[in-house]
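As provided, coords-v2.pdb (PDB, C-alpha atoms (C1' of nucleotides)) reads as follows.
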ATOM      1  CA  MET A   1     218.924  17.991  45.885
ATOM      2  CA  LEU A   2     221.569  15.551  47.111
ATOM      3  CA  ILE A   3     220.368  14.840  50.608
ATOM      4  CA  ASN A   4     221.632  11.955  52.683
ATOM      5  CA  ILE A   5     219.517  10.705  55.580
ATOM      6  CA  ASP A   6     220.998   8.372  58.186
ATOM      7  CA  LEU A   7     218.140   6.399  59.682
ATOM      8  CA  GLN A   8     220.479   4.955  62.340
ATOM      9  CA  SER A   9     221.624   8.355  63.622
ATOM     10  CA  ASN A  10     220.344   9.568  66.956
ATOM     11  CA  GLU A  11     219.884  12.944  65.298
ATOM     12  CA  PRO A  12     216.187  13.164  64.368
ATOM     13  CA  ILE A  13     215.454  12.841  60.656
ATOM     14  CA  TYR A  14     213.707  16.209  60.429
ATOM     15  CA  GLU A  15     216.779  17.833  62.041
ATOM     16  CA  GLN A  16     219.058  16.161  59.523
ATOM     17  CA  LEU A  17     216.854  17.491  56.761
ATOM     18  CA  LYS A  18     216.794  21.046  58.166
ATOM     19  CA  ASN A  19     220.559  21.056  58.650
ATOM     20  CA  GLN A  20     221.366  19.747  55.201
ATOM     21  CA  ILE A  21     219.056  22.251  53.557
ATOM     22  CA  MET A  22     220.655  25.074  55.578
ATOM     23  CA  ILE A  23     224.100  23.804  54.584
ATOM     24  CA  GLN A  24     223.135  23.878  50.912
ATOM     25  CA  ILE A  25     221.860  27.429  51.305
ATOM     26  CA  ALA A  26     225.118  28.399  53.032
ATOM     27  CA  ARG A  27     227.110  26.845  50.161
ATOM     28  CA  LYS A  28     224.833  28.590  47.670
ATOM     29  CA  ASP A  29     223.933  25.272  46.124
ATOM     30  CA  LEU A  30     220.470  26.597  46.936
ATOM     31  CA  LYS A  31     219.874  30.273  46.118
ATOM     32  CA  PRO A  32     217.009  32.611  47.025
ATOM     33  CA  GLY A  33     214.066  31.762  44.804
ATOM     34  CA  ASP A  34     215.151  28.180  44.127
ATOM     35  CA  GLY A  35     212.402  25.595  44.465
ATOM     36  CA  LEU A  36     212.353  22.612  46.784
ATOM     37  CA  PRO A  37     210.507  19.324  46.214
ATOM     38  CA  SER A  38     206.944  18.929  47.398
ATOM     39  CA  VAL A  39     206.550  17.164  50.730
ATOM     40  CA  ARG A  40     205.263  14.041  48.993
ATOM     41  CA  ARG A  41     207.994  13.940  46.349
ATOM     42  CA  PHE A  42     210.744  14.576  48.890
ATOM     43  CA  ALA A  43     209.396  11.976  51.282
ATOM     44  CA  ALA A  44     209.182   9.398  48.526
ATOM     45  CA  ASP A  45     212.706  10.168  47.285
ATOM     46  CA  LEU A  46     214.180   9.888  50.776
ATOM     47  CA  GLY A  47     212.096   6.896  51.756
ATOM     48  CA  ILE A  48     210.552   8.646  54.746
ATOM     49  CA  ASN A  49     207.131   9.887  55.769
ATOM     50  CA  LEU A  50     205.575  13.040  54.333
ATOM     51  CA  HIS A  51     204.933  14.380  57.854
ATOM     52  CA  THR A  52     208.621  14.238  58.645
ATOM     53  CA  VAL A  53     209.406  16.405  55.618
ATOM     54  CA  ASN A  54     206.524  18.690  56.511
ATOM     55  CA  LYS A  55     207.873  19.157  60.033
ATOM     56  CA  ALA A  56     211.247  20.236  58.676
ATOM     57  CA  TYR A  57     209.582  22.589  56.164
ATOM     58  CA  GLN A  58     207.324  24.150  58.801
ATOM     59  CA  GLN A  59     210.285  24.939  61.034
ATOM     60  CA  LEU A  60     212.363  26.300  58.160
ATOM     61  CA  LYS A  61     209.367  28.433  57.200
ATOM     62  CA  GLN A  62     208.958  29.823  60.707
ATOM     63  CA  GLU A  63     212.649  30.743  60.818
ATOM     64  CA  GLY A  64     212.360  32.548  57.483
ATOM     65  CA  PHE A  65     214.502  30.205  55.389
ATOM     66  CA  ILE A  66     211.754  29.190  53.003
ATOM     67  CA  LEU A  67     208.340  30.342  51.833
ATOM     68  CA  ILE A  68     205.439  28.047  51.067
ATOM     69  CA  HIS A  69     202.936  29.324  48.512
ATOM     70  CA  ARG A  70     199.791  27.428  47.717
ATOM     71  CA  GLN A  71     200.644  28.042  44.062
ATOM     72  CA  LYS A  72     204.416  28.192  43.601
ATOM     73  CA  GLY A  73     205.190  25.425  46.063
ATOM     74  CA  VAL A  74     208.212  25.543  48.371
ATOM     75  CA  VAL A  75     210.866  28.143  47.649
ATOM     76  CA  VAL A  76     214.047  29.404  49.291
ATOM     77  CA  ASN A  77     213.167  32.849  50.652
ATOM     78  CA  PRO A  78     213.605  35.218  47.668
ATOM     79  CA  GLU A  79     214.197  38.126  50.058
ATOM     80  CA  GLY A  80     217.169  36.219  51.490
ATOM     81  CA  ILE A  81     217.557  34.717  54.948
ATOM     82  CA  PRO A  82     216.746  36.919  57.983
ATOM     83  CA  SER A  83     219.910  38.428  59.435
ATOM     84  CA  VAL A  84     221.416  37.660  62.809
ATOM     85  CA  ASP A  85     219.608  39.406  65.641
ATOM     86  CA  GLY A  86     219.962  39.412  69.407
ATOM     87  CA  GLU A  87     217.622  36.495  69.829
ATOM     88  CA  TYR A  88     219.610  34.337  67.429
ATOM     89  CA  GLU A  89     222.894  35.328  69.044
ATOM     90  CA  GLU A  90     221.603  34.209  72.416
ATOM     91  CA  LYS A  91     220.447  30.884  70.993
ATOM     92  CA  LEU A  92     223.797  30.429  69.279
ATOM     93  CA  ALA A  93     225.705  31.230  72.470
ATOM     94  CA  GLN A  94     223.638  28.703  74.366
ATOM     95  CA  SER A  95     224.516  26.016  71.850
ATOM     96  CA  LEU A  96     228.199  26.934  71.692
ATOM     97  CA  ARG A  97     228.912  27.229  75.418
ATOM     98  CA  PRO A  98     228.840  23.489  76.186
ATOM     99  CA  LEU A  99     230.978  22.703  73.138
ATOM    100  CA  ILE A 100     233.544  25.313  74.126
ATOM    101  CA  ALA A 101     233.528  24.186  77.744
ATOM    102  CA  GLU A 102     234.205  20.572  76.846
ATOM    103  CA  SER A 103     236.895  21.538  74.352
ATOM    104  CA  ALA A 104     238.599  23.728  76.952
ATOM    105  CA  CYS A 105     238.463  20.901  79.505
ATOM    106  CA  ARG A 106     240.203  18.665  76.974
ATOM    107  CA  GLY A 107     243.031  21.139  76.609
ATOM    108  CA  MET A 108     242.046  23.048  73.485
ATOM    109  CA  THR A 109     243.285  26.627  73.542
ATOM    110  CA  GLU A 110     241.240  29.581  72.365
ATOM    111  CA  GLY A 111     243.340  29.740  69.215
ATOM    112  CA  GLU A 112     242.957  26.067  68.455
ATOM    113  CA  PHE A 113     239.199  26.246  68.873
ATOM    114  CA  THR A 114     238.740  29.280  66.666
ATOM    115  CA  SER A 115     241.065  27.772  64.030
ATOM    116  CA  PHE A 116     238.934  24.649  64.086
ATOM    117  CA  CYS A 117     235.813  26.763  63.533
ATOM    118  CA  ARG A 118     237.465  28.794  60.806
ATOM    119  CA  GLN A 119     238.381  25.628  58.952
ATOM    120  CA  LEU A 120     234.823  24.271  59.181
ATOM    121  CA  PHE A 121     233.430  27.626  58.092
ATOM    122  CA  LYS A 122     235.619  27.628  54.999
ATOM    123  CA  GLN A 123     234.617  24.093  54.091
ATOM    124  CA  LEU A 124     230.930  24.863  54.505
ATOM    125  CA  THR A 125     230.823  28.121  52.583
ATOM    126  CA  ASP A 126     233.339  27.097  49.941
ATOM    127  CA  GLU A 127     231.019  27.234  46.941
ATOM    128  CA  GLY A 128     230.815  23.633  46.064
ATOM    129  CA  ASP A 129     232.198  22.709  42.677
ATOM    130  CA  GLU A 130     235.030  20.530  43.939
ATOM    131  CA  TYR A 131     234.800  16.828  43.547
TER     132      TYR A 131
ATOM    133  CA  MET B   1     228.596  23.728  93.790
ATOM    134  CA  LEU B   2     226.423  26.514  92.421
ATOM    135  CA  ILE B   3     224.334  24.653  89.884
ATOM    136  CA  ASN B   4     221.165  26.027  88.382
ATOM    137  CA  ILE B   5     218.647  23.632  86.861
ATOM    138  CA  ASP B   6     215.839  24.920  84.646
ATOM    139  CA  LEU B   7     213.006  22.418  84.837
ATOM    140  CA  GLN B   8     211.165  24.236  82.029
ATOM    141  CA  SER B   9     214.033  24.024  79.573
ATOM    142  CA  ASN B  10     213.790  21.583  76.689
ATOM    143  CA  GLU B  11     217.406  20.712  77.410
ATOM    144  CA  PRO B  12     217.314  17.496  79.445
ATOM    145  CA  ILE B  13     218.160  17.906  83.133
ATOM    146  CA  TYR B  14     221.052  15.442  83.022
ATOM    147  CA  GLU B  15     222.509  17.392  80.082
ATOM    148  CA  GLN B  16     222.227  20.655  81.996
ATOM    149  CA  LEU B  17     224.048  18.999  84.879
ATOM    150  CA  LYS B  18     226.820  17.592  82.672
ATOM    151  CA  ASN B  19     227.309  20.918  80.926
ATOM    152  CA  GLN B  20     227.434  22.974  84.084
ATOM    153  CA  ILE B  21     229.931  20.601  85.685
ATOM    154  CA  MET B  22     232.102  20.753  82.549
ATOM    155  CA  ILE B  23     231.874  24.537  82.586
ATOM    156  CA  GLN B  24     233.049  24.641  86.190
ATOM    157  CA  ILE B  25     235.977  22.375  85.311
ATOM    158  CA  ALA B  26     236.837  24.624  82.363
ATOM    159  CA  ARG B  27     236.740  27.678  84.664
ATOM    160  CA  LYS B  28     238.835  25.781  87.222
ATOM    161  CA  ASP B  29     236.153  26.299  89.811
ATOM    162  CA  LEU B  30     236.516  22.518  89.951
ATOM    163  CA  LYS B  31     240.063  21.200  89.885
ATOM    164  CA  PRO B  32     241.415  17.641  89.455
ATOM    165  CA  GLY B  33     240.898  15.775  92.700
ATOM    166  CA  ASP B  34     238.014  17.954  93.887
ATOM    167  CA  GLY B  35     235.042  16.070  95.267
ATOM    168  CA  LEU B  36     231.463  16.199  94.007
ATOM    169  CA  PRO B  37     228.309  15.554  96.041
ATOM    170  CA  SER B  38     226.891  12.055  96.318
ATOM    171  CA  VAL B  39     224.056  11.251  93.947
ATOM    172  CA  ARG B  40     221.538  11.394  96.802
ATOM    173  CA  ARG B  41     222.846  14.676  98.253
ATOM    174  CA  PHE B  42     223.036  16.324  94.848
ATOM    175  CA  ALA B  43     219.572  15.146  93.872
ATOM    176  CA  ALA B  44     218.104  16.411  97.132
ATOM    177  CA  ASP B  45     219.845  19.791  96.801
ATOM    178  CA  LEU B  46     218.619  20.243  93.229
ATOM    179  CA  GLY B  47     215.153  18.872  93.888
ATOM    180  CA  ILE B  48     215.468  16.158  91.265
ATOM    181  CA  ASN B  49     215.684  12.386  91.192
ATOM    182  CA  LEU B  50     218.822  10.483  92.155
ATOM    183  CA  HIS B  51     218.738   8.571  88.878
ATOM    184  CA  THR B  52     218.966  11.787  86.910
ATOM    185  CA  VAL B  53     222.145  12.747  88.774
ATOM    186  CA  ASN B  54     223.448   9.215  88.355
ATOM    187  CA  LYS B  55     222.889   9.378  84.602
ATOM    188  CA  ALA B  56     224.947  12.563  84.353
ATOM    189  CA  TYR B  57     227.699  11.066  86.548
ATOM    190  CA  GLN B  58     227.852   7.841  84.536
ATOM    191  CA  GLN B  59     228.295   9.750  81.293
ATOM    192  CA  LEU B  60     230.919  12.059  82.779
ATOM    193  CA  LYS B  61     232.705   8.975  84.099
ATOM    194  CA  GLN B  62     232.690   7.270  80.726
ATOM    195  CA  GLU B  63     234.138  10.373  79.087
ATOM    196  CA  GLY B  64     236.914  10.527  81.685
ATOM    197  CA  PHE B  65     235.844  13.721  83.456
ATOM    198  CA  ILE B  66     235.268  12.137  86.842
ATOM    199  CA  LEU B  67     236.172   9.001  88.758
ATOM    200  CA  ILE B  68     233.830   7.177  91.094
ATOM    201  CA  HIS B  69     235.484   5.244  93.913
ATOM    202  CA  ARG B  70     233.454   3.093  96.230
ATOM    203  CA  GLN B  71     235.449   4.713  99.039
ATOM    204  CA  LYS B  72     236.375   8.269  98.095
ATOM    205  CA  GLY B  73     233.087   9.037  96.396
ATOM    206  CA  VAL B  74     232.905  11.146  93.236
ATOM    207  CA  VAL B  75     236.020  13.070  92.239
ATOM    208  CA  VAL B  76     237.160  15.213  89.307
ATOM    209  CA  ASN B  77     239.717  13.058  87.450
ATOM    210  CA  PRO B  78     243.016  13.656  89.334
ATOM    211  CA  GLU B  79     244.968  12.755  86.180
ATOM    212  CA  GLY B  80     243.225  15.603  84.378
ATOM    213  CA  ILE B  81     240.709  15.393  81.562
ATOM    214  CA  PRO B  82     241.533  13.216  78.519
ATOM    215  CA  SER B  83     242.943  15.315  75.681
ATOM    216  CA  VAL B  84     241.301  15.985  72.365
ATOM    217  CA  ASP B  85     241.618  13.062  69.963
ATOM    218  CA  GLY B  86     240.380  12.341  66.476
ATOM    219  CA  GLU B  87     237.141  10.885  67.709
ATOM    220  CA  TYR B  88     236.324  13.973  69.737
ATOM    221  CA  GLU B  89     237.242  16.275  66.868
ATOM    222  CA  GLU B  90     234.807  14.451  64.623
ATOM    223  CA  LYS B  91     232.042  14.705  67.217
ATOM    224  CA  LEU B  92     232.802  18.390  67.702
ATOM    225  CA  ALA B  93     232.748  19.042  63.952
ATOM    226  CA  GLN B  94     229.390  17.309  63.664
ATOM    227  CA  SER B  95     227.950  19.573  66.353
ATOM    228  CA  LEU B  96     229.481  22.750  64.947
ATOM    229  CA  ARG B  97     228.565  22.298  61.298
ATOM    230  CA  PRO B  98     224.834  23.041  61.668
ATOM    231  CA  LEU B  99     225.563  26.075  63.857
ATOM    232  CA  ILE B 100     228.057  27.432  61.358
ATOM    233  CA  ALA B 101     225.737  26.738  58.442
ATOM    234  CA  GLU B 102     222.836  28.612  60.002
ATOM    235  CA  SER B 103     225.070  31.505  61.027
ATOM    236  CA  ALA B 104     226.468  31.746  57.505
ATOM    237  CA  CYS B 105     222.944  31.711  56.048
ATOM    238  CA  ARG B 106     222.066  34.615  58.330
ATOM    239  CA  GLY B 107     224.970  36.636  56.969
ATOM    240  CA  MET B 108     227.655  36.067  59.586
ATOM    241  CA  THR B 109     231.142  36.190  58.100
ATOM    242  CA  GLU B 110     233.916  33.803  59.063
ATOM    243  CA  GLY B 111     235.553  36.552  61.103
ATOM    244  CA  GLU B 112     232.361  37.424  62.930
ATOM    245  CA  PHE B 113     231.720  33.816  63.820
ATOM    246  CA  THR B 114     235.203  33.163  65.132
ATOM    247  CA  SER B 115     235.138  36.441  67.085
ATOM    248  CA  PHE B 116     231.896  35.339  68.649
ATOM    249  CA  CYS B 117     233.491  32.035  69.646
ATOM    250  CA  ARG B 118     236.610  33.749  70.942
ATOM    251  CA  GLN B 119     234.502  35.967  73.155
ATOM    252  CA  LEU B 120     232.568  33.010  74.577
ATOM    253  CA  PHE B 121     235.793  31.089  75.103
ATOM    254  CA  LYS B 122     237.256  33.956  77.113
ATOM    255  CA  GLN B 123     234.135  34.255  79.252
ATOM    256  CA  LEU B 124     234.072  30.538  79.967
ATOM    257  CA  THR B 125     237.730  30.082  80.824
ATOM    258  CA  ASP B 126     238.142  33.384  82.602
ATOM    259  CA  GLU B 127     238.922  32.054  86.068
ATOM    260  CA  GLY B 128     235.861  33.102  87.906
ATOM    261  CA  ASP B 129     236.391  35.599  90.684
ATOM    262  CA  GLU B 130     234.364  38.392  89.126
ATOM    263  CA  TYR B 131     231.026  39.288  90.623
TER     264      TYR B 131
ATOM    265  C1'  DC C   1     228.366  -3.475 116.544
ATOM    266  C1'  DT C   2     225.174  -0.411 114.890
ATOM    267  C1'  DA C   3     223.573   3.313 112.137
ATOM    268  C1'  DA C   4     224.076   6.100 108.424
ATOM    269  C1'  DC C   5     226.049   6.711 104.606
ATOM    270  C1'  DT C   6     228.120   5.253  99.658
ATOM    271  C1'  DG C   7     227.394   3.648  94.487
ATOM    272  C1'  DT C   8     224.725   0.368  91.932
ATOM    273  C1'  DT C   9     220.949  -2.251  90.092
ATOM    274  C1'  DA C  10     216.192  -3.525  89.135
ATOM    275  C1'  DT C  11     211.453  -2.618  88.302
ATOM    276  C1'  DA C  12     207.555   0.161  87.197
ATOM    277  C1'  DC C  13     205.122   4.092  85.771
ATOM    278  C1'  DT C  14     204.114   8.641  83.338
ATOM    279  C1'  DA C  15     204.854  12.072  79.858
ATOM    280  C1'  DT C  16     206.863  13.637  75.737
ATOM    281  C1'  DT C  17     208.788  13.253  71.268
ATOM    282  C1'  DA C  18     209.893  11.117  66.700
ATOM    283  C1'  DA C  19     208.158   8.674  63.070
ATOM    284  C1'  DT C  20     204.884   6.275  60.559
ATOM    285  C1'  DA C  21     200.255   5.207  58.385
ATOM    286  C1'  DT C  22     195.864   6.603  56.514
ATOM    287  C1'  DA C  23     192.534   9.618  55.260
ATOM    288  C1'  DA C  24     190.385  13.622  53.967
ATOM    289  C1'  DC C  25     189.791  18.740  52.406
ATOM    290  C1'  DA C  26     190.498  22.603  49.453
ATOM    291  C1'  DG C  27     192.976  24.796  46.013
ATOM    292  C1'  DT C  28     195.896  24.616  41.446
ATOM    293  C1'  DT C  29     197.115  23.135  37.065
ATOM    294  C1'  DA C  30     197.666  20.480  32.801
TER     295       DA C  30
ATOM    296  C1'  DT D   1     188.484  15.529  34.728
ATOM    297  C1'  DA D   2     192.755  13.896  36.772
ATOM    298  C1'  DA D   3     196.782  14.631  39.112
ATOM    299  C1'  DC D   4     198.943  17.345  41.703
ATOM    300  C1'  DT D   5     199.687  21.007  45.894
ATOM    301  C1'  DG D   6     199.865  22.196  51.193
ATOM    302  C1'  DT D   7     197.294  21.289  55.297
ATOM    303  C1'  DT D   8     194.827  19.022  58.962
ATOM    304  C1'  DA D   9     193.173  15.233  61.811
ATOM    305  C1'  DT D  10     193.553  10.822  63.981
ATOM    306  C1'  DA D  11     195.912   6.692  65.496
ATOM    307  C1'  DT D  12     199.738   3.778  66.532
ATOM    308  C1'  DT D  13     204.488   2.398  67.628
ATOM    309  C1'  DA D  14     209.009   3.133  69.633
ATOM    310  C1'  DA D  15     212.308   5.567  72.243
ATOM    311  C1'  DT D  16     213.717   8.780  75.737
ATOM    312  C1'  DA D  17     213.452  11.599  80.067
ATOM    313  C1'  DG D  18     212.169  11.696  84.535
ATOM    314  C1'  DT D  19     210.341  10.006  88.745
ATOM    315  C1'  DA D  20     209.296   6.603  92.536
ATOM    316  C1'  DT D  21     210.538   2.723  95.353
ATOM    317  C1'  DA D  22     213.199  -0.842  96.816
ATOM    318  C1'  DA D  23     216.968  -3.529  97.639
ATOM    319  C1'  DC D  24     222.129  -5.078  97.852
ATOM    320  C1'  DA D  25     226.824  -4.630  99.238
ATOM    321  C1'  DG D  26     230.474  -2.004 100.822
ATOM    322  C1'  DT D  27     232.334   2.024 103.919
ATOM    323  C1'  DT D  28     232.691   4.780 107.795
ATOM    324  C1'  DA D  29     231.716   7.263 112.098
ATOM    325  C1'  DG D  30     230.000   6.880 116.794
TER     326       DG D  30
END

Let me see whether you can do it: turn the structure in this file into structure tokens.
Amino acid sequence: MLINIDLQSNEPIYEQLKNQIMIQIARKDLKPGDGLPSVRRFAADLGINLHTVNKAYQQLKQEGFILIHRQKGVVVNPEGIPSVDGEYEEKLAQSLRPLIAESACRGMTEGEFTSFCRQLFKQLTDEGDEY
Amino acid sequence: MLINIDLQSNEPIYEQLKNQIMIQIARKDLKPGDGLPSVRRFAADLGINLHTVNKAYQQLKQEGFILIHRQKGVVVNPEGIPSVDGEYEEKLAQSLRPLIAESACRGMTEGEFTSFCRQLFKQLTDEGDEY
DNA sequence: CTAACTGTTATACTATTAATATAACAGTTA
DNA sequence: TAACTGTTATATTAATAGTATAACAGTTAG
């Protein structure tokens, strides 16, 4: 679990945690069934509070990314991550619209924007053994 | 100025304002040189506080979207909006990465994601005379 | 000149959220 | 038994969003 938390960022710590865990799942550094540290271990390793880790875990649990068993601990959902549905698409659109609007204002074309996304997508899902 | 503010949204009001103004510039509903309402007028029309409008204006000003003359009032930058630069690309990438990661986790392919973006881009920049 | 506007600044208050600090409970496991 | 697990409760601090007034200085229309 190579997680990097920036305490100076204006992005909340629990969001940073959620995002980096999702990125590792996307890269398949974390696979269905893989275990995650306990809230206390993780908090101690990252130098943050256990409640902050717990908040990230609770939200990842509610969105179906992880399961939390009293016995087995915290685990990446063995059934896999819930697929895209209409609700998620609407949430995604709502997040993307402002980014697209600003990019268009600044002169980005449709092709340039989608190329930019394609490039990021490749980097993120490129199964990570490069160094 | 057809702006719609959702007071119940968890998206801050000044962000909603910024985004909707940027969207109207992207659609060319607002063109360089066009005037915007005074902070007091706008606030009264929207039923919000003048400082909330001012906060949105100040940020749009700093990013080069609008100019504020003591005389002419508030105006969409007549020189046009500043182009994409390295700094903006980095900010954009930082915003897109979590969205792409979550979409990839949920099984979206690179093609599906870029198609989704392309579609949104078209809708946003489609010069708006449809009804 | 006056009155009504303009952006700007300052101060104060409330509500919400993020993050931390302890503490405790109940269940699991070596 | 001892050390762990997730979970819950309570309290505090800090930052942010939003509102409410008030005032200042410059502009403009009547």

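In chain C, the set of residues within 12 Å of chain B (atoms considered: only C-alpha atoms (C1' of nucleotides)) is DC5, DT6, DG7, DT8, DT9, DT16 and DT17 of chain C.
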
Report as a Markdown table the residues of chain D within 12 Å of chain B, each with its shortest atom pair and distance in Å (one decimal), using all atoms listed in the file, ordered by chain and increasing residue number.
| residue | atom | partner | partner_atom | distance |
| --- | --- | --- | --- | --- |
| D:DT16 | C1' | B:Pro12 | CA | 10.1 |
| D:DA17 | C1' | B:Pro12 | CA | 7.1 |
| D:DG18 | C1' | B:Thr52 | CA | 7.2 |
| D:DT19 | C1' | B:Asn49 | CA | 6.3 |
| D:DA20 | C1' | B:Asn49 | CA | 8.7 |
| D:DT21 | C1' | B:Asn49 | CA | 11.7 |
| D:DA25 | C1' | B:Arg70 | CA | 10.6 |
| D:DG26 | C1' | B:Arg70 | CA | 7.5 |
| D:DT27 | C1' | B:Gln71 | CA | 6.4 |
| D:DT28 | C1' | B:Gln71 | CA | 9.2 |

Could you work out an axis-aligned box for stretch 95-106 of chain B, taking every atom the file lists and adding 3 Å on each side, and report centre and edge lengths in Å to one decimal, as AutoDock Vina command-line options?
--center_x 225.8 --center_y 27.1 --center_z 61.2 --size_x 13.4 --size_y 21.0 --size_z 16.3

task = Apply the PyMOL selection byres ((chain B and resi 81) around 7) to the structure shown and report the selected residues as a PyMOL selection string.
result = (chain A and resi 105-106) or (chain B and resi 64-65+77+79-80+82-83)

task = Name the residues that the PyMOL selection byres ((chain A) within 7 of (chain B)) pulls out of this structure, and write them as JSON, numbers by chain.
result = {"A": [19, 22, 23, 25, 26, 81, 82, 83, 84, 97, 98, 100, 101, 102, 104, 105, 106, 107, 110, 114, 117, 118, 120, 121, 124]}

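Take atom CA of B:Val53 and atom CA of A:Glu11: the distance between them is 23.6 Å.
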
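Listed by chain and then by number, the residues chosen by the PyMOL selection byres ((chain A and resi 76) around 7) in this file are A:Lys31, A:Pro32, A:Gly33, A:Asp34, A:Gly35, A:Phe65, A:Ile66, A:Leu67, A:Val75, A:Asn77, A:Pro78.
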
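Distances to D:DT10 were evaluated for C:DA10, C:DA18, C:DA3, C:DA24 using all atoms listed in the file, and the minimum falls at C:DA24.
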
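Taking atom CA of A:Asn4 as the reference point, atom CA of A:Leu30 is found at 15.8 Å.
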
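Put simply, atom CA of A:Leu17 is 6.5 Å away from atom CA of A:Ala56.
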